[in-house]
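> So here's structure-v4.txt, just compact mmCIF, C-alpha atoms:
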# COMPACT_ATOMS: atom_id res chain seq x y z
CA MET A 1 43.31 62.61 167.33
CA SER A 2 41.99 65.21 169.72
CA ASN A 3 40.55 63.69 172.92
CA GLU A 4 37.65 66.13 172.92
CA LEU A 5 36.31 64.45 169.77
CA ASN A 6 35.98 61.11 171.55
CA GLN A 7 34.31 61.98 174.82
CA GLN A 8 31.69 59.90 176.61
CA GLY A 9 28.49 59.56 174.61
CA ARG A 10 28.28 60.97 171.12
CA GLY A 11 30.91 63.66 171.75
CA ARG A 12 30.93 66.69 169.46
CA ILE A 13 29.78 67.01 165.91
CA ILE A 14 32.07 69.22 163.84
CA ILE A 15 30.36 71.73 161.56
CA ARG A 16 32.39 73.68 159.01
CA ILE A 17 30.60 76.76 157.66
CA GLY A 18 31.67 78.93 154.73
CA GLN A 19 29.91 81.22 152.29
CA HIS A 20 29.93 78.50 149.63
CA HIS A 21 30.49 75.24 151.52
CA LEU A 22 28.92 73.49 154.50
CA SER A 23 29.86 70.13 156.00
CA PHE A 24 29.29 67.90 159.01
CA THR A 25 31.85 65.53 160.49
CA SER A 26 31.53 62.99 163.26
CA VAL A 27 34.33 60.92 164.74
CA GLU A 28 33.68 57.43 166.04
CA THR A 29 35.97 55.31 168.20
CA ALA A 30 39.33 54.25 166.85
CA GLN A 31 38.06 50.66 166.58
CA ALA A 32 35.23 51.53 164.20
CA ASP A 33 35.42 50.47 160.56
CA THR A 34 34.69 54.06 159.45
CA PRO A 35 36.11 56.25 162.21
CA ILE A 36 35.44 59.51 160.34
CA ASN A 37 32.04 60.32 158.86
CA TYR A 38 32.26 63.36 156.58
CA GLU A 39 29.12 64.75 154.99
CA PRO A 40 29.31 67.81 152.71
CA TYR A 41 26.07 69.66 152.11
CA VAL A 42 25.27 71.26 148.76
CA MET A 43 24.22 74.80 149.62
CA LYS A 44 21.21 76.30 147.87
CA SER A 45 21.67 79.61 146.11
CA GLY A 46 19.24 82.43 146.82
CA ILE A 47 18.92 81.73 150.56
CA SER A 48 21.20 82.72 153.44
CA VAL A 49 23.88 80.59 155.02
CA ALA A 50 21.72 80.42 158.16
CA ALA A 51 18.76 79.11 156.14
CA ASN A 52 21.02 76.55 154.45
CA LEU A 53 22.26 75.35 157.83
CA ARG A 54 18.73 75.06 159.17
CA GLU A 55 17.73 72.91 156.17
CA ALA A 56 20.90 70.85 156.42
CA LEU A 57 20.32 70.08 160.09
CA LYS A 58 16.85 68.81 159.21
CA GLY A 59 17.83 66.58 156.32
CA ALA A 60 21.47 65.53 156.58
CA ALA A 61 22.17 61.81 156.87
CA LEU A 62 24.22 62.06 160.06
CA ASP A 63 22.14 61.41 163.14
CA LYS A 64 22.59 64.89 164.61
CA MET A 65 19.74 64.41 167.09
CA GLY A 66 22.22 62.43 169.18
CA TYR A 67 24.57 65.40 169.49
CA PHE A 68 24.17 68.26 171.90
CA LYS A 69 27.76 69.48 171.53
CA ALA A 70 29.17 71.13 168.43
CA LEU A 71 32.59 72.38 167.41
CA VAL A 72 31.97 74.96 164.68
CA LEU A 73 34.62 76.13 162.22
CA VAL A 74 33.60 79.35 160.46
CA ASP A 75 35.12 81.06 157.47
CA ALA A 76 35.13 84.69 158.62
CA PRO A 77 37.50 87.67 158.56
CA VAL A 78 39.83 87.50 161.56
CA LEU A 79 41.38 90.35 163.49
CA LEU A 80 44.54 89.36 165.36
CA ILE A 81 45.21 91.42 168.49
CA PRO A 82 48.36 91.03 170.64
CA VAL A 83 47.49 89.50 174.01
CA GLU A 84 49.07 92.37 175.90
CA ILE A 85 46.69 94.98 174.45
CA PHE A 86 43.53 92.87 174.12
CA GLU A 87 40.51 94.09 176.11
CA GLU A 88 37.23 92.21 175.80
CA PRO A 89 35.01 95.33 176.23
CA THR A 90 36.63 97.01 173.20
CA MET A 91 37.02 94.04 170.88
CA GLU A 92 33.67 94.48 169.12
CA ALA A 93 34.41 98.12 168.32
CA MET A 94 37.87 97.19 167.03
CA TYR A 95 36.43 94.41 164.89
CA SER A 96 33.69 96.65 163.46
CA HIS A 97 36.27 99.30 162.62
CA SER A 98 38.48 96.74 160.87
CA PHE A 99 35.64 94.91 159.10
CA PRO A 100 32.55 97.12 158.62
CA ARG A 101 29.46 94.90 158.77
CA LYS A 102 26.26 95.13 156.75
CA GLU A 103 24.38 92.62 158.90
CA PRO A 104 24.00 91.94 162.65
CA THR A 105 27.06 90.02 163.83
CA HIS A 106 28.02 88.26 167.05
CA VAL A 107 31.73 88.72 167.79
CA PHE A 108 33.70 85.79 169.19
CA TYR A 109 37.30 85.54 170.28
CA ASN A 110 39.83 82.75 170.77
CA VAL A 111 42.98 83.24 172.84
CA LEU A 112 46.10 81.79 171.20
CA PRO A 113 48.61 81.66 174.05
CA ASP A 114 51.26 79.88 171.97
CA LEU A 115 51.20 82.81 169.53
CA ASN A 116 50.65 85.62 172.06
CA ALA A 117 47.58 86.73 170.14
CA VAL A 118 43.79 86.80 170.32
CA ALA A 119 41.78 85.92 167.21
CA VAL A 120 38.62 88.05 167.00
CA PHE A 121 36.00 87.11 164.39
CA GLY A 122 32.31 87.55 163.69
CA VAL A 123 29.38 85.23 162.98
CA ASN A 124 26.07 86.33 161.51
CA LYS A 125 23.52 86.51 164.34
CA ASP A 126 20.90 84.50 162.43
CA LEU A 127 23.48 81.78 161.91
CA LYS A 128 24.36 81.81 165.60
CA THR A 129 20.65 81.54 166.48
CA VAL A 130 20.31 78.38 164.36
CA LEU A 131 23.33 76.86 166.11
CA ASP A 132 22.05 77.86 169.56
CA ASP A 133 18.66 76.30 168.78
CA HIS A 134 20.26 72.94 168.02
CA PHE A 135 23.22 72.66 170.39
CA SER A 136 23.37 73.37 174.12
CA ASP A 137 27.18 73.25 174.18
CA MET A 138 28.99 74.97 171.34
CA LYS A 139 32.56 76.10 170.65
CA VAL A 140 33.30 78.33 167.66
CA ILE A 141 36.71 78.83 166.03
CA PRO A 142 37.90 80.34 162.73
CA VAL A 143 38.84 77.79 160.05
CA GLN A 144 42.43 79.06 160.08
CA LEU A 145 43.11 78.27 163.74
CA PRO A 146 44.14 74.58 163.44
CA VAL A 147 46.31 75.45 160.42
CA TRP A 148 48.05 78.33 162.22
CA ARG A 149 48.92 76.19 165.22
CA HIS A 150 50.15 73.24 163.18
CA LEU A 151 52.32 75.35 160.87
CA HIS A 152 53.61 77.47 163.75
CA LYS A 153 55.12 74.30 165.25
CA ARG A 154 56.57 73.39 161.86
CA SER A 155 58.07 76.85 161.46
CA PHE A 156 60.75 76.02 164.04
CA THR A 157 62.29 73.34 161.79
CA GLY A 158 65.23 74.41 159.65
CA ALA A 159 67.35 77.54 159.78
CA HIS A 160 65.51 79.72 157.27
CA SER A 161 62.32 81.80 157.36
CA LYS A 162 59.05 80.40 156.02
CA LEU A 163 56.05 82.08 154.41
CA TYR A 164 52.78 80.14 154.30
CA SER A 165 49.94 80.55 151.79
CA TYR A 166 46.64 78.81 152.57
CA LEU A 167 44.04 78.66 149.78
CA HIS A 168 40.50 77.98 151.01
CA ASP A 169 36.93 79.11 150.38
CA LYS A 170 37.97 81.24 147.37
CA LYS A 171 40.40 83.13 149.59
CA LEU A 172 44.13 83.29 150.13
CA ASP A 173 45.56 83.54 153.65
CA ILE A 174 49.25 84.52 153.82
CA PHE A 175 51.07 84.35 157.15
CA ALA A 176 54.47 84.01 158.75
CA PHE A 177 55.76 83.55 162.28
CA GLN A 178 58.63 84.98 164.26
CA LYS A 179 59.33 82.76 167.26
CA ASN A 180 56.10 82.83 169.34
CA ARG A 181 54.28 85.55 167.43
CA PHE A 182 52.73 86.28 164.09
CA LYS A 183 55.17 88.19 161.92
CA PHE A 184 52.52 88.75 159.23
CA TYR A 185 48.92 87.81 158.47
CA ASN A 186 46.52 88.99 155.80
CA GLN A 187 43.72 87.56 153.70
CA PHE A 188 42.94 88.22 150.04
CA GLU A 189 39.82 87.24 148.11
CA THR A 190 41.09 85.72 144.89
CA ARG A 191 41.20 82.47 142.95
CA ARG A 192 43.07 83.56 139.82
CA PRO A 193 46.57 82.01 139.69
CA GLY A 194 48.10 85.28 138.51
CA ASP A 195 46.60 87.23 141.41
CA VAL A 196 47.60 84.53 143.92
CA ALA A 197 51.21 84.68 142.73
CA TYR A 198 51.18 88.49 142.78
CA PHE A 199 50.00 88.67 146.41
CA GLN A 200 52.52 86.05 147.50
CA LEU A 201 55.43 87.82 145.85
CA TYR A 202 54.25 91.20 147.15
CA VAL A 203 54.24 89.92 150.74
CA TRP A 204 57.58 88.17 150.17
CA LYS A 205 59.10 91.49 149.12
CA GLN A 206 57.39 93.36 151.98
CA LEU A 207 58.93 90.97 154.52
CA GLN A 208 62.32 91.22 152.79
CA LEU A 209 62.68 87.44 152.55
CA ASP A 210 65.62 85.84 150.75
CA ALA A 211 64.73 84.46 147.30
CA ASP A 212 67.52 81.85 147.42
CA HIS A 213 67.25 80.50 150.96
CA ASP A 214 63.85 81.25 152.54
CA GLU A 215 60.83 79.02 151.87
CA LEU A 216 57.30 79.47 150.49
CA HIS A 217 54.80 76.73 151.40
CA LEU A 218 51.54 76.37 149.44
CA ILE A 219 48.67 74.74 151.34
CA GLY A 220 45.04 73.89 150.72
CA GLU A 221 42.65 74.02 147.78
CA GLN A 222 44.62 74.16 144.58
CA PRO A 223 42.68 73.01 141.51
CA GLY A 224 44.69 71.04 139.00
CA ASP A 225 44.94 73.98 136.62
CA MET A 226 46.45 76.09 139.42
CA GLN A 227 48.60 73.80 141.50
CA ASP A 228 51.46 72.91 139.16
CA GLY A 229 51.26 76.16 137.21
CA LEU A 230 51.28 78.30 140.36
CA ALA A 231 54.27 76.54 141.92
CA ASP A 232 56.18 76.54 138.62
CA ASN A 233 55.45 80.22 138.09
CA LEU A 234 56.62 81.11 141.59
CA ARG A 235 59.82 79.09 141.12
CA ARG A 236 60.81 81.56 138.43
CA PHE A 237 61.36 84.04 141.27
CA LEU A 238 61.86 81.96 144.42
CA LYS A 239 64.17 78.97 144.73
CA LYS A 240 62.33 77.10 147.50
CA VAL A 241 58.62 76.67 146.77
CA TYR A 242 56.85 73.67 148.27
CA VAL A 243 53.33 72.30 147.82
CA VAL A 244 52.16 70.68 151.08
CA ASN A 245 50.76 67.16 150.61
CA PRO A 246 48.42 66.35 153.54
CA GLN A 247 49.02 62.59 153.31
CA ALA A 248 52.77 63.06 153.59
CA ASP A 249 52.48 65.86 156.15
CA PHE A 250 50.23 63.79 158.44
CA ASN A 251 51.73 60.35 157.73
CA ARG A 252 48.63 59.10 155.90
CA ALA A 253 46.32 59.69 158.87
CA PRO A 254 42.67 58.62 158.34
CA ALA A 255 41.46 62.18 157.72
CA THR A 256 43.85 62.60 154.79
CA LYS A 257 42.03 59.80 152.95
CA VAL A 258 38.63 61.53 153.05
CA LYS A 259 37.89 62.94 149.62
CA ASP A 260 37.66 66.74 149.31
CA MET A 261 38.06 67.39 153.04
CA PRO A 262 39.55 70.89 153.58
CA PHE A 263 43.07 71.04 154.98
CA ASP A 264 41.93 72.90 158.11
CA LEU A 265 39.48 70.11 158.94
CA VAL A 266 42.10 67.44 158.24
CA THR A 267 44.46 69.31 160.56
CA LEU A 268 41.84 69.59 163.29
CA LEU A 269 41.04 65.86 163.16
CA THR A 270 44.70 64.88 163.09
CA LYS A 271 46.35 67.41 165.38
CA GLY A 272 43.43 68.89 167.35
CA ARG A 273 42.83 72.58 167.99
Could you rewrite the structure in this file as structure tokens?


Amino acid sequence: MSNELNQQGRGRIIIRIGQHHLSFTSVETAQADTPINYEPYVMKSGISVAANLREALKGAALDKMGYFKALVLVDAPVLLIPVEIFEEPTMEAMYSHSFPRKEPTHVFYNVLPDLNAVAVFGVNKDLKTVLDDHFSDMKVIPVQLPVWRHLHKRSFTGAHSKLYSYLHDKKLDIFAFQKNRFKFYNQFETRRPGDVAYFQLYVWKQLQLDADHDELHLIGEQPGDMQDGLADNLRRFLKKVYVVNPQADFNRAPATKVKDMPFDLVTLLTKGR
């Protein structure tokens, strides 16, 4: 478990923010009976994500008044820029060009030295104001970051190429690595099994992967009506299709036993950032 989650005092509260889901997680000491406290919040329709967060911080059961540090995972479009061409003064213009925004947005960035890339992403300014009002020390990362780093390390095992598909927040992230760089990354908004399979096979063909020897790994939210059907459908075209089981992948770590916890949050709690 990441050391930064068990610092002196209350440490950091972890807040995961999406368009449709919001949750709070606190991590106690390893000796505690319930080392991980996970509290999803049912978001109200008709009000903004920022307003939902403000209400959640007032009424959630976790004692957030004891926290002044927050690690925030946000579901937001991410622009990956190679380290060698990244320039902080131009990142906002590049992000706005790649993802035109209808609302005021604060642009963050995270350097990924192990992948020779910088992840640039935006957070609604009202949402950032709510976070700033409640926490004096805050770190913000995209939800994909812990997953990228974990699977990048796994990508070195075996002799064949791997393509990863991460389903989360009604989106599909598809990515692959080539040594210490991203070979491919894109995100698609879809939840229909047919569309998910189409995008995966399209990227597979685009990367000229081998249908007999290379591997496709399916990760994340896969409802029962999609999981088996999607994998079986893909196996009609690709020989090696695997569905990642968090409990097996993380050796039954405590976070894997928390019901409905997203894979990125499980990865963060188990492997760190």

> When distances are computed from only C-alpha atoms, which of A:Leu216, A:Lys128, A:Phe199, A:Pro82 shows the smallest separation from Ser155 of chain A?

A:Leu216

> For each of A:Gln19, A:Ile13, A:Arg192, A:Ala119, take the minimum atom-to-atom distance to Tyr38 of chain A, counting only C-alpha atoms, then give the residue where this is smallest.

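Answer, going by the shortest atom-to-atom distance: A:Ile13.
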
> Would you mind reading off the distance between atom CA of Trp148 of chain A and atom CA of Leu22 of chain A, one decimal, in Å?

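Distance reported for this atom pair: 21.2 Å.
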
> By how many Å are atom CA of Val123 of chain A and atom CA of Val107 of chain A apart?

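Distance between the two atoms: 6.4 Å.
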
> Show me a table, sorted first by chain and then by increasing residue number, of the residues of segment 157-206 of chain A having an atom at most 12 Å from segment 251-262 of chain A, each with its shortest atom pair and the distance in Å to one decimal, counting all atoms listed in the file and written as a tab-separated table.


residue	atom	partner	partner_atom	distance
A:Tyr166	CA	A:Pro262	CA	10.7
A:Leu167	CA	A:Pro262	CA	9.7
A:His168	CA	A:Pro262	CA	7.6
A:Asp169	CA	A:Pro262	CA	9.2

> Skip segment 175-177 of chain A itself and residues of its chain fewer than 4 positions away, then list as a PDB file with C-alpha atoms, keeping the file's coordinate frame all residues within 7 Å of it, counting only C-alpha atoms.


ATOM      1  CA  HIS A 152      53.610  77.470 163.750  1.00  0.00           C
ATOM      2  CA  LYS A 162      59.050  80.400 156.020  1.00  0.00           C
ATOM      3  CA  LEU A 163      56.050  82.080 154.410  1.00  0.00           C
ATOM      4  CA  TYR A 164      52.780  80.140 154.300  1.00  0.00           C
ATOM      5  CA  SER A 165      49.940  80.550 151.790  1.00  0.00           C
ATOM      6  CA  ARG A 181      54.280  85.550 167.430  1.00  0.00           C
ATOM      7  CA  PHE A 182      52.730  86.280 164.090  1.00  0.00           C
ATOM      8  CA  LYS A 183      55.170  88.190 161.920  1.00  0.00           C
ATOM      9  CA  PHE A 184      52.520  88.750 159.230  1.00  0.00           C
ATOM     10  CA  TYR A 185      48.920  87.810 158.470  1.00  0.00           C
ATOM     11  CA  ASN A 186      46.520  88.990 155.800  1.00  0.00           C
TER      12      ASN A 186
END

> What does the distance from atom CA of Ala70 of chain A to atom CA of Met138 of chain A come to in Å, to one decimal?

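So the answer is 4.8 Å.
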
> Please, could all heavy atoms be added to segment 72-83 of chain A and the result written as a compact mmCIF listing (two decimals), keeping the file's coordinate frame?


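So the final result, stored in result-v6.txt, reads:
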# COMPACT_ATOMS: atom_id res chain seq x y z
N VAL A 72 32.33 74.29 165.93
CA VAL A 72 31.97 74.96 164.68
C VAL A 72 33.19 75.72 164.15
O VAL A 72 33.77 76.56 164.84
CB VAL A 72 30.81 75.95 164.91
CG1 VAL A 72 30.40 76.59 163.59
CG2 VAL A 72 29.62 75.22 165.54
N LEU A 73 33.58 75.40 162.92
CA LEU A 73 34.62 76.13 162.22
C LEU A 73 33.94 77.09 161.25
O LEU A 73 33.13 76.65 160.42
CB LEU A 73 35.55 75.20 161.44
CG LEU A 73 36.59 74.38 162.22
CD1 LEU A 73 35.91 73.27 163.01
CD2 LEU A 73 37.62 73.80 161.26
N VAL A 74 34.24 78.37 161.33
CA VAL A 74 33.60 79.35 160.46
C VAL A 74 34.65 80.06 159.62
O VAL A 74 35.74 80.40 160.09
CB VAL A 74 32.77 80.38 161.26
CG1 VAL A 74 31.60 79.71 161.93
CG2 VAL A 74 33.62 81.12 162.27
N ASP A 75 34.29 80.26 158.37
CA ASP A 75 35.12 81.06 157.47
C ASP A 75 34.68 82.51 157.62
O ASP A 75 33.62 82.90 157.14
CB ASP A 75 34.94 80.58 156.03
CG ASP A 75 35.62 81.49 155.03
OD1 ASP A 75 36.66 82.06 155.37
OD2 ASP A 75 35.08 81.65 153.91
N ALA A 76 35.47 83.30 158.34
CA ALA A 76 35.13 84.69 158.62
C ALA A 76 36.41 85.52 158.69
O ALA A 76 37.47 84.99 159.02
CB ALA A 76 34.38 84.80 159.96
N PRO A 77 36.32 86.81 158.37
CA PRO A 77 37.50 87.67 158.56
C PRO A 77 37.95 87.64 160.01
O PRO A 77 37.13 87.64 160.93
CB PRO A 77 36.99 89.06 158.16
CG PRO A 77 35.79 88.80 157.29
CD PRO A 77 35.17 87.55 157.83
N VAL A 78 39.27 87.60 160.21
CA VAL A 78 39.83 87.50 161.56
C VAL A 78 40.72 88.71 161.84
O VAL A 78 41.56 89.08 161.01
CB VAL A 78 40.66 86.21 161.73
CG1 VAL A 78 41.25 86.12 163.13
CG2 VAL A 78 39.80 84.98 161.44
N LEU A 79 40.51 89.29 163.00
CA LEU A 79 41.38 90.35 163.49
C LEU A 79 42.27 89.77 164.57
O LEU A 79 41.79 89.22 165.56
CB LEU A 79 40.55 91.50 164.07
CG LEU A 79 41.32 92.64 164.76
CD1 LEU A 79 42.20 93.38 163.76
CD2 LEU A 79 40.36 93.60 165.45
N LEU A 80 43.59 89.86 164.37
CA LEU A 80 44.54 89.36 165.36
C LEU A 80 45.01 90.52 166.23
O LEU A 80 45.52 91.52 165.72
CB LEU A 80 45.73 88.71 164.66
CG LEU A 80 45.44 87.38 163.94
CD1 LEU A 80 46.64 86.94 163.12
CD2 LEU A 80 45.05 86.30 164.93
N ILE A 81 44.84 90.38 167.54
CA ILE A 81 45.21 91.42 168.49
C ILE A 81 46.26 90.84 169.45
O ILE A 81 46.04 89.75 170.00
CB ILE A 81 43.99 91.90 169.30
CG1 ILE A 81 42.89 92.41 168.35
CG2 ILE A 81 44.39 92.98 170.30
CD1 ILE A 81 41.60 92.79 169.07
N PRO A 82 47.38 91.52 169.66
CA PRO A 82 48.36 91.03 170.64
C PRO A 82 47.71 90.87 172.01
O PRO A 82 46.89 91.69 172.44
CB PRO A 82 49.42 92.13 170.66
CG PRO A 82 49.30 92.80 169.32
CD PRO A 82 47.83 92.75 168.98
N VAL A 83 48.08 89.80 172.70
CA VAL A 83 47.49 89.50 174.01
C VAL A 83 47.64 90.67 174.98
O VAL A 83 46.72 91.00 175.74
CB VAL A 83 48.13 88.22 174.61
CG1 VAL A 83 47.79 88.08 176.08
CG2 VAL A 83 47.66 86.98 173.86
